[in-house]
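Data file: work_32.cif. Format and content: mmCIF, C-alpha atoms.
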```
data_coords
#
loop_
_atom_site.group_PDB
_atom_site.id
_atom_site.type_symbol
_atom_site.label_atom_id
_atom_site.label_comp_id
_atom_site.auth_asym_id
_atom_site.auth_seq_id
_atom_site.Cartn_x
_atom_site.Cartn_y
_atom_site.Cartn_z
ATOM 1 C CA MET P 1 -89.195 185.284 102.730
ATOM 2 C CA ALA P 2 -90.235 186.669 106.100
ATOM 3 C CA ASN P 3 -89.222 190.235 105.281
ATOM 4 C CA ASP P 4 -91.545 190.138 102.261
ATOM 5 C CA TYR P 5 -94.582 189.637 104.472
ATOM 6 C CA ILE P 6 -97.280 192.301 104.228
ATOM 7 C CA SER P 7 -99.877 192.272 107.002
ATOM 8 C CA PRO P 8 -103.607 192.543 106.145
ATOM 9 C CA ALA P 9 -103.670 196.031 107.712
ATOM 10 C CA MET P 10 -100.706 197.124 105.600
ATOM 11 C CA LYS P 11 -102.219 195.533 102.525
ATOM 12 C CA ASN P 12 -105.493 197.397 103.078
ATOM 13 C CA ARG P 13 -103.568 200.661 103.487
ATOM 14 C CA GLU P 14 -101.671 199.965 100.260
ATOM 15 C CA LEU P 15 -104.959 199.269 98.518
ATOM 16 C CA LEU P 16 -106.317 202.639 99.581
ATOM 17 C CA GLU P 17 -103.128 204.434 98.584
ATOM 18 C CA THR P 18 -103.152 202.853 95.119
ATOM 19 C CA GLY P 19 -106.814 203.517 94.447
ATOM 20 C CA GLY P 20 -108.043 200.094 95.500
ATOM 21 C CA LYS P 21 -111.640 199.961 96.652
ATOM 22 C CA PRO P 22 -113.604 197.626 98.895
ATOM 23 C CA ALA P 23 -116.383 195.715 97.186
ATOM 24 C CA PRO P 24 -119.621 197.765 97.091
ATOM 25 C CA GLY P 25 -122.786 196.894 98.963
ATOM 26 C CA ASP P 26 -123.144 193.601 100.781
ATOM 27 C CA LEU P 27 -120.479 192.094 98.525
ATOM 28 C CA ILE P 28 -117.965 193.569 100.972
ATOM 29 C CA PHE P 29 -119.018 190.871 103.451
ATOM 30 C CA VAL P 30 -118.097 188.162 100.932
ATOM 31 C CA GLN P 31 -114.749 189.870 100.346
ATOM 32 C CA GLY P 32 -114.143 190.190 104.072
ATOM 33 C CA PHE P 33 -115.118 186.589 104.750
ATOM 34 C CA VAL P 34 -112.680 185.247 102.148
ATOM 35 C CA ASN P 35 -109.977 187.508 103.587
ATOM 36 C CA THR P 36 -110.333 186.088 107.101
ATOM 37 C CA LEU P 37 -107.452 183.802 106.126
ATOM 38 C CA ASP P 38 -104.064 185.451 105.724
ATOM 39 C CA ILE P 39 -102.404 182.793 103.560
ATOM 40 C CA GLU P 40 -99.032 184.512 103.612
ATOM 41 C CA LYS P 41 -98.633 184.339 107.374
ATOM 42 C CA GLY P 42 -100.933 181.393 108.001
ATOM 43 C CA GLN P 43 -103.230 183.345 110.315
ATOM 44 C CA ASP P 44 -106.938 182.570 110.378
ATOM 45 C CA GLU P 45 -109.441 184.995 111.906
ATOM 46 C CA ILE P 46 -112.127 182.306 112.061
ATOM 47 C CA GLY P 47 -109.968 179.251 112.753
ATOM 48 C CA ASP P 48 -111.909 178.160 115.838
ATOM 49 C CA ILE P 49 -115.529 178.152 116.974
ATOM 50 C CA ARG P 50 -115.223 181.222 119.204
ATOM 51 C CA SER P 51 -113.536 183.408 116.587
ATOM 52 C CA LEU P 52 -115.945 182.271 113.850
ATOM 53 C CA LYS P 53 -118.946 183.199 115.976
ATOM 54 C CA SER P 54 -117.363 186.524 116.931
ATOM 55 C CA TRP P 55 -116.680 187.441 113.283
ATOM 56 C CA LEU P 56 -120.196 186.548 112.169
ATOM 57 C CA MET P 57 -121.755 188.469 115.059
ATOM 58 C CA GLN P 58 -119.592 191.543 114.398
ATOM 59 C CA HIS P 59 -120.869 191.598 110.827
ATOM 60 C CA GLY P 60 -124.514 191.100 111.774
ATOM 61 C CA LEU P 61 -124.731 187.621 110.279
ATOM 62 C CA LEU P 62 -125.342 185.671 113.481
ATOM 63 C CA THR P 63 -127.012 186.278 116.835
ATOM 64 C CA ARG P 64 -125.310 185.669 120.167
ATOM 65 C CA SER P 65 -127.823 182.949 121.048
ATOM 66 C CA THR P 66 -127.038 180.867 117.939
ATOM 67 C CA PRO P 67 -124.914 177.851 118.869
ATOM 68 C CA ILE P 68 -121.848 176.959 116.781
ATOM 69 C CA LYS P 69 -120.542 173.392 116.638
ATOM 70 C CA VAL P 70 -117.317 171.888 115.283
ATOM 71 C CA SER P 71 -119.220 170.709 112.205
ATOM 72 C CA ASP P 72 -120.385 174.312 111.646
ATOM 73 C CA LEU P 73 -116.785 175.538 111.765
ATOM 74 C CA LYS P 74 -115.776 172.898 109.225
ATOM 75 C CA ALA P 75 -118.659 173.924 106.932
ATOM 76 C CA ALA P 76 -117.721 177.620 107.186
ATOM 77 C CA LEU P 77 -114.075 176.961 106.328
ATOM 78 C CA LEU P 78 -115.032 174.733 103.393
ATOM 79 C CA PHE P 79 -117.428 177.441 102.204
ATOM 80 C CA ARG P 80 -114.739 180.111 102.433
ATOM 81 C CA GLU P 81 -112.140 178.173 100.466
ATOM 82 C CA ALA P 82 -114.694 177.125 97.847
ATOM 83 C CA LEU P 83 -115.566 180.811 97.434
ATOM 84 C CA ARG P 84 -111.879 181.671 97.084
ATOM 85 C CA ARG P 85 -111.479 179.136 94.271
ATOM 86 C CA LEU P 86 -114.649 180.428 92.624
ATOM 87 C CA LEU P 87 -113.314 183.996 92.712
ATOM 88 C CA ALA P 88 -110.086 182.814 91.097
ATOM 89 C CA ILE P 89 -112.112 182.202 87.921
ATOM 90 C CA ASN P 90 -112.676 185.967 87.739
ATOM 91 C CA ASN P 91 -108.905 186.402 87.451
ATOM 92 C CA GLY P 92 -108.300 183.851 84.707
ATOM 93 C CA GLY P 93 -108.242 180.735 86.866
ATOM 94 C CA LYS P 94 -109.935 177.465 86.000
ATOM 95 C CA ALA P 95 -113.013 176.077 87.682
ATOM 96 C CA ASN P 96 -112.293 173.490 90.375
ATOM 97 C CA GLU P 97 -114.928 170.776 90.131
ATOM 98 C CA VAL P 98 -114.435 169.558 93.699
ATOM 99 C CA SER P 99 -114.841 173.094 95.049
ATOM 100 C CA LEU P 100 -117.928 173.679 92.914
ATOM 101 C CA LYS P 101 -119.547 170.507 94.244
ATOM 102 C CA THR P 102 -118.688 171.533 97.795
ATOM 103 C CA LEU P 103 -120.088 175.029 97.292
ATOM 104 C CA ASN P 104 -123.286 173.730 95.689
ATOM 105 C CA ARG P 105 -123.765 171.186 98.497
ATOM 106 C CA LEU P 106 -123.352 173.853 101.183
ATOM 107 C CA ALA P 107 -125.503 176.338 99.244
ATOM 108 C CA ALA P 108 -128.368 173.859 99.209
ATOM 109 C CA ARG P 109 -128.295 173.805 103.029
ATOM 110 C CA CYS P 110 -128.632 177.610 103.119
ATOM 111 C CA GLU P 111 -132.136 177.233 101.659
ATOM 112 C CA LEU P 112 -132.374 180.557 99.851
ATOM 113 C CA ALA P 113 -135.898 181.760 99.165
ATOM 114 C CA VAL P 114 -137.151 184.572 96.940
ATOM 115 C CA ILE P 115 -138.972 187.257 98.943
ATOM 116 C CA PHE P 116 -141.086 189.832 97.101
ATOM 117 C CA GLY P 117 -141.598 193.308 98.545
ATOM 118 C CA SER P 118 -144.671 195.543 98.403
ATOM 119 C CA ASP P 119 -142.806 197.809 95.961
ATOM 120 C CA GLY P 120 -142.444 194.946 93.480
ATOM 121 C CA SER P 121 -138.818 194.277 94.359
ATOM 122 C CA ALA P 122 -137.423 190.822 95.035
ATOM 123 C CA ARG P 123 -134.533 189.603 97.152
ATOM 124 C CA LEU P 124 -133.023 186.332 98.305
ATOM 125 C CA GLU P 125 -133.307 185.421 101.975
ATOM 126 C CA PRO P 126 -131.808 182.353 103.627
ATOM 127 C CA SER P 127 -134.198 180.168 105.576
ATOM 128 C CA GLY P 128 -131.552 177.701 106.734
ATOM 129 C CA LYS P 129 -130.724 177.337 110.414
ATOM 130 C CA GLY P 130 -127.686 178.404 112.427
ATOM 131 C CA ILE P 131 -124.437 178.681 110.495
ATOM 132 C CA PHE P 132 -126.221 178.027 107.216
ATOM 133 C CA LYS P 133 -128.410 181.083 107.683
ATOM 134 C CA ALA P 134 -125.248 183.164 108.180
ATOM 135 C CA LEU P 135 -123.557 181.641 105.132
ATOM 136 C CA GLY P 136 -126.804 182.110 103.236
ATOM 137 C CA HIS P 137 -126.576 185.878 103.654
ATOM 138 C CA LEU P 138 -123.107 185.786 102.066
ATOM 139 C CA LEU P 139 -124.432 183.577 99.294
ATOM 140 C CA ALA P 140 -127.353 185.941 98.649
ATOM 141 C CA ALA P 141 -124.931 188.875 98.367
ATOM 142 C CA ALA P 142 -122.849 186.901 95.863
ATOM 143 C CA ILE P 143 -125.873 185.973 93.754
ATOM 144 C CA GLU P 144 -127.090 189.575 93.717
ATOM 145 C CA ALA P 145 -123.626 190.651 92.531
ATOM 146 C CA VAL P 146 -123.705 188.033 89.763
ATOM 147 C CA GLY P 147 -127.002 189.505 88.595
ATOM 148 C CA ASP P 148 -125.829 193.122 88.425
ATOM 149 C CA GLY P 149 -122.331 192.479 87.074
ATOM 150 C CA ARG P 150 -120.275 193.286 90.179
ATOM 151 C CA TRP P 151 -119.289 189.668 90.778
ATOM 152 C CA THR P 152 -116.715 189.461 87.974
ATOM 153 C CA ARG P 153 -114.855 192.386 89.558
ATOM 154 C CA LEU P 154 -114.325 190.521 92.827
ATOM 155 C CA LYS P 155 -111.124 188.570 92.249
ATOM 156 C CA ILE P 156 -108.378 186.647 93.970
ATOM 157 C CA CYS P 157 -104.848 188.035 93.727
ATOM 158 C CA CYS P 158 -102.892 185.939 91.242
ATOM 159 C CA MET P 159 -99.885 185.650 93.589
ATOM 160 C CA ASP P 160 -99.996 182.117 95.004
ATOM 161 C CA ASN P 161 -98.677 183.176 98.410
ATOM 162 C CA CYS P 162 -101.320 185.910 98.696
ATOM 163 C CA ARG P 163 -104.706 184.897 97.210
ATOM 164 C CA TRP P 164 -106.291 188.004 98.779
ATOM 165 C CA ALA P 165 -109.790 188.912 97.594
ATOM 166 C CA PHE P 166 -109.860 192.355 95.966
ATOM 167 C CA TYR P 167 -112.376 194.399 94.035
ATOM 168 C CA ASP P 168 -111.136 195.317 90.572
ATOM 169 C CA GLY P 169 -112.238 198.894 89.946
ATOM 170 C CA SER P 170 -110.348 199.294 86.664
ATOM 171 C CA LYS P 171 -112.375 200.337 83.624
ATOM 172 C CA ASN P 172 -111.426 197.287 81.584
ATOM 173 C CA ARG P 173 -111.511 194.855 84.545
ATOM 174 C CA SER P 174 -107.870 193.931 83.939
ATOM 175 C CA GLY P 175 -106.621 193.975 87.531
ATOM 176 C CA ARG P 176 -104.519 190.936 88.455
ATOM 177 C CA TRP P 177 -103.112 191.796 91.891
ATOM 178 C CA CYS P 178 -104.646 193.001 95.140
ATOM 179 C CA ALA P 179 -102.241 195.968 95.030
ATOM 180 C CA MET P 180 -99.777 196.837 92.292
ATOM 181 C CA SER P 181 -97.351 198.319 94.819
ATOM 182 C CA VAL P 182 -97.301 195.073 96.806
ATOM 183 C CA CYS P 183 -98.028 191.891 94.875
ATOM 184 C CA GLY P 184 -97.733 193.504 91.440
ATOM 185 C CA SER P 185 -94.187 194.623 92.215
ATOM 186 C CA ARG P 186 -93.320 191.229 93.635
ATOM 187 C CA ASP P 187 -94.689 189.423 90.594
ATOM 188 C CA LYS P 188 -92.787 191.654 88.184
ATOM 189 C CA ALA P 189 -89.586 191.221 90.198
ATOM 190 C CA ARG P 190 -90.056 187.450 90.182
ATOM 191 C CA GLU P 191 -90.540 187.396 86.418
ATOM 192 C CA TYR P 192 -87.470 189.591 86.000
ATOM 193 C CA ARG P 193 -85.383 187.176 88.066
ATOM 194 C CA LYS P 194 -86.644 184.273 85.968
ATOM 195 C CA ARG P 195 -85.624 186.039 82.756
ATOM 196 C CA ARG P 196 -82.210 186.863 84.213
ATOM 197 C CA ALA P 197 -81.699 183.275 85.333
ATOM 198 C CA GLY P 198 -82.589 182.067 81.825
ATOM 199 C CA HIS P 199 -79.810 184.157 80.331
ATOM 200 C CA VAL P 200 -77.094 182.940 82.694
#
```
Translate the structure described by the file into structure tokens.
Amino acid sequence: MANDYISPAMKNRELLETGGKPAPGDLIFVQGFVNTLDIEKGQDEIGDIRSLKSWLMQHGLLTRSTPIKVSDLKAALLFREALRRLLAINNGGKANEVSLKTLNRLAARCELAVIFGSDGSARLEPSGKGIFKALGHLLAAAIEAVGDGRWTRLKICCMDNCRWAFYDGSKNRSGRWCAMSVCGSRDKAREYRKRRAGHV
């Protein structure tokens, strides 16, 4: 229903009011990238070449001189939705084999390399070109989060008409919704209506 719609800005405010937190470190870029699509309203922040380039530049993932083609836009959107399905696993969802194959195929084009620092540290750096270098930075942030345990806290809201990426800061990692006061309330109300309907 239209009057149930919660804008991304409102949703972010609700998250802050209910103790929700953005993903820490560079993982926030992965969260933000997935959330460029507002499923509820059907609005896409990176739905065309110009807006994709603008978003990547604003987040320091692409230079102004880097060209973006239609095929790059398609790759970025495939990458985003494959990430969304991957994050759903962290909230009890099942792996989607098609999405995994897509993500692995695109990841290979990012050409991540291990770079060692003079202090003995190591990090992943993308050596791919153009859009795949930008996506590679997101991929490197995801892999780093897998290694230190943060990844399993980045989840997709279990409401099908939301699917917003949120960072579960609960002690037992039991969060299911992006915000209890928004999607949590909706989900509980929906289940209540189902129970009522079953008793009629």
For Ala82 (chain P), find every residue with an atom within 9 Å (counting all atoms listed in the file), except residues of its own chain fewer than 5 positions away, and show them as a list of chain:residue names.
P:Leu77, P:Leu87, P:Asn96, P:Val98, P:Ser99, P:Leu100, P:Lys101, P:Thr102, P:Leu103
Out of P:Glu111, P:Glu125, P:Ala165, P:Lys53, which residue has the shortest atom-to-atom distance to Arg80 (chain P) when counting only C-alpha atoms?
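Using only C-alpha atoms, Arg80 (chain P) sits closest to P:Ala165.
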Residues within 6 Å of (-115.8, 178.7, 90.0), file coordinates, counting all atoms listed in the file: what are they? Give the list as an mmCIF file with C-alpha atoms, in the coordinates of the input.
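Once everything was written out, this is out-v8.cif:
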```cif
data_model
loop_
_atom_site.group_PDB
_atom_site.id
_atom_site.type_symbol
_atom_site.label_atom_id
_atom_site.label_comp_id
_atom_site.auth_asym_id
_atom_site.auth_seq_id
_atom_site.Cartn_x
_atom_site.Cartn_y
_atom_site.Cartn_z
ATOM 1 C CA LEU P 86 -114.649 180.428 92.624
ATOM 2 C CA ILE P 89 -112.112 182.202 87.921
ATOM 3 C CA ALA P 95 -113.013 176.077 87.682
#
```
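Among P:Cys178, P:Ala76, P:Val34, P:Cys158, the residue with the shortest atom-to-atom distance to Gly136 (chain P), counting only C-alpha atoms, is P:Ala76.
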What separates CA of Ile156 (chain P) and CA of Trp177 (chain P) is a distance of 7.7 Å
Please list as a short mmCIF file (atom, residue, chain, number, x, y, z; two decimals) with C-alpha atoms, in the frame of the given file every residue within 9 Å of Ile115 (chain P), counting only C-alpha atoms and excluding residues in the same chain fewer than 3 positions away.
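What landed in out-v7.cif:
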```cif
data_model
loop_
_atom_site.label_atom_id
_atom_site.label_comp_id
_atom_site.auth_asym_id
_atom_site.auth_seq_id
_atom_site.Cartn_x
_atom_site.Cartn_y
_atom_site.Cartn_z
CA SER P 121 -138.82 194.28 94.36
CA ALA P 122 -137.42 190.82 95.04
CA ARG P 123 -134.53 189.60 97.15
CA LEU P 124 -133.02 186.33 98.30
CA GLU P 125 -133.31 185.42 101.98
#
```
What is the CA of Lys129 (chain P) to CA of Thr66 (chain P) distance in Å?
9.1 Å
CA of Phe166 (chain P) and CA of Leu112 (chain P), how far apart in Å?
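That distance, rounded to one decimal, is 25.7 Å.
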Report the residues retrieved by the PyMOL selection byres ((chain P and resi 42) around 12) from the displayed file, expressed as a VMD selection string.
chain P and resid 5 7 to 8 35 to 41 43 to 47 161 to 163
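Of the listed residues P:Cys157, P:Leu73, P:Asn90, P:His59, the one whose atoms come nearest to Ile28 (chain P) is P:His59, with distances taken using all atoms listed in the file.
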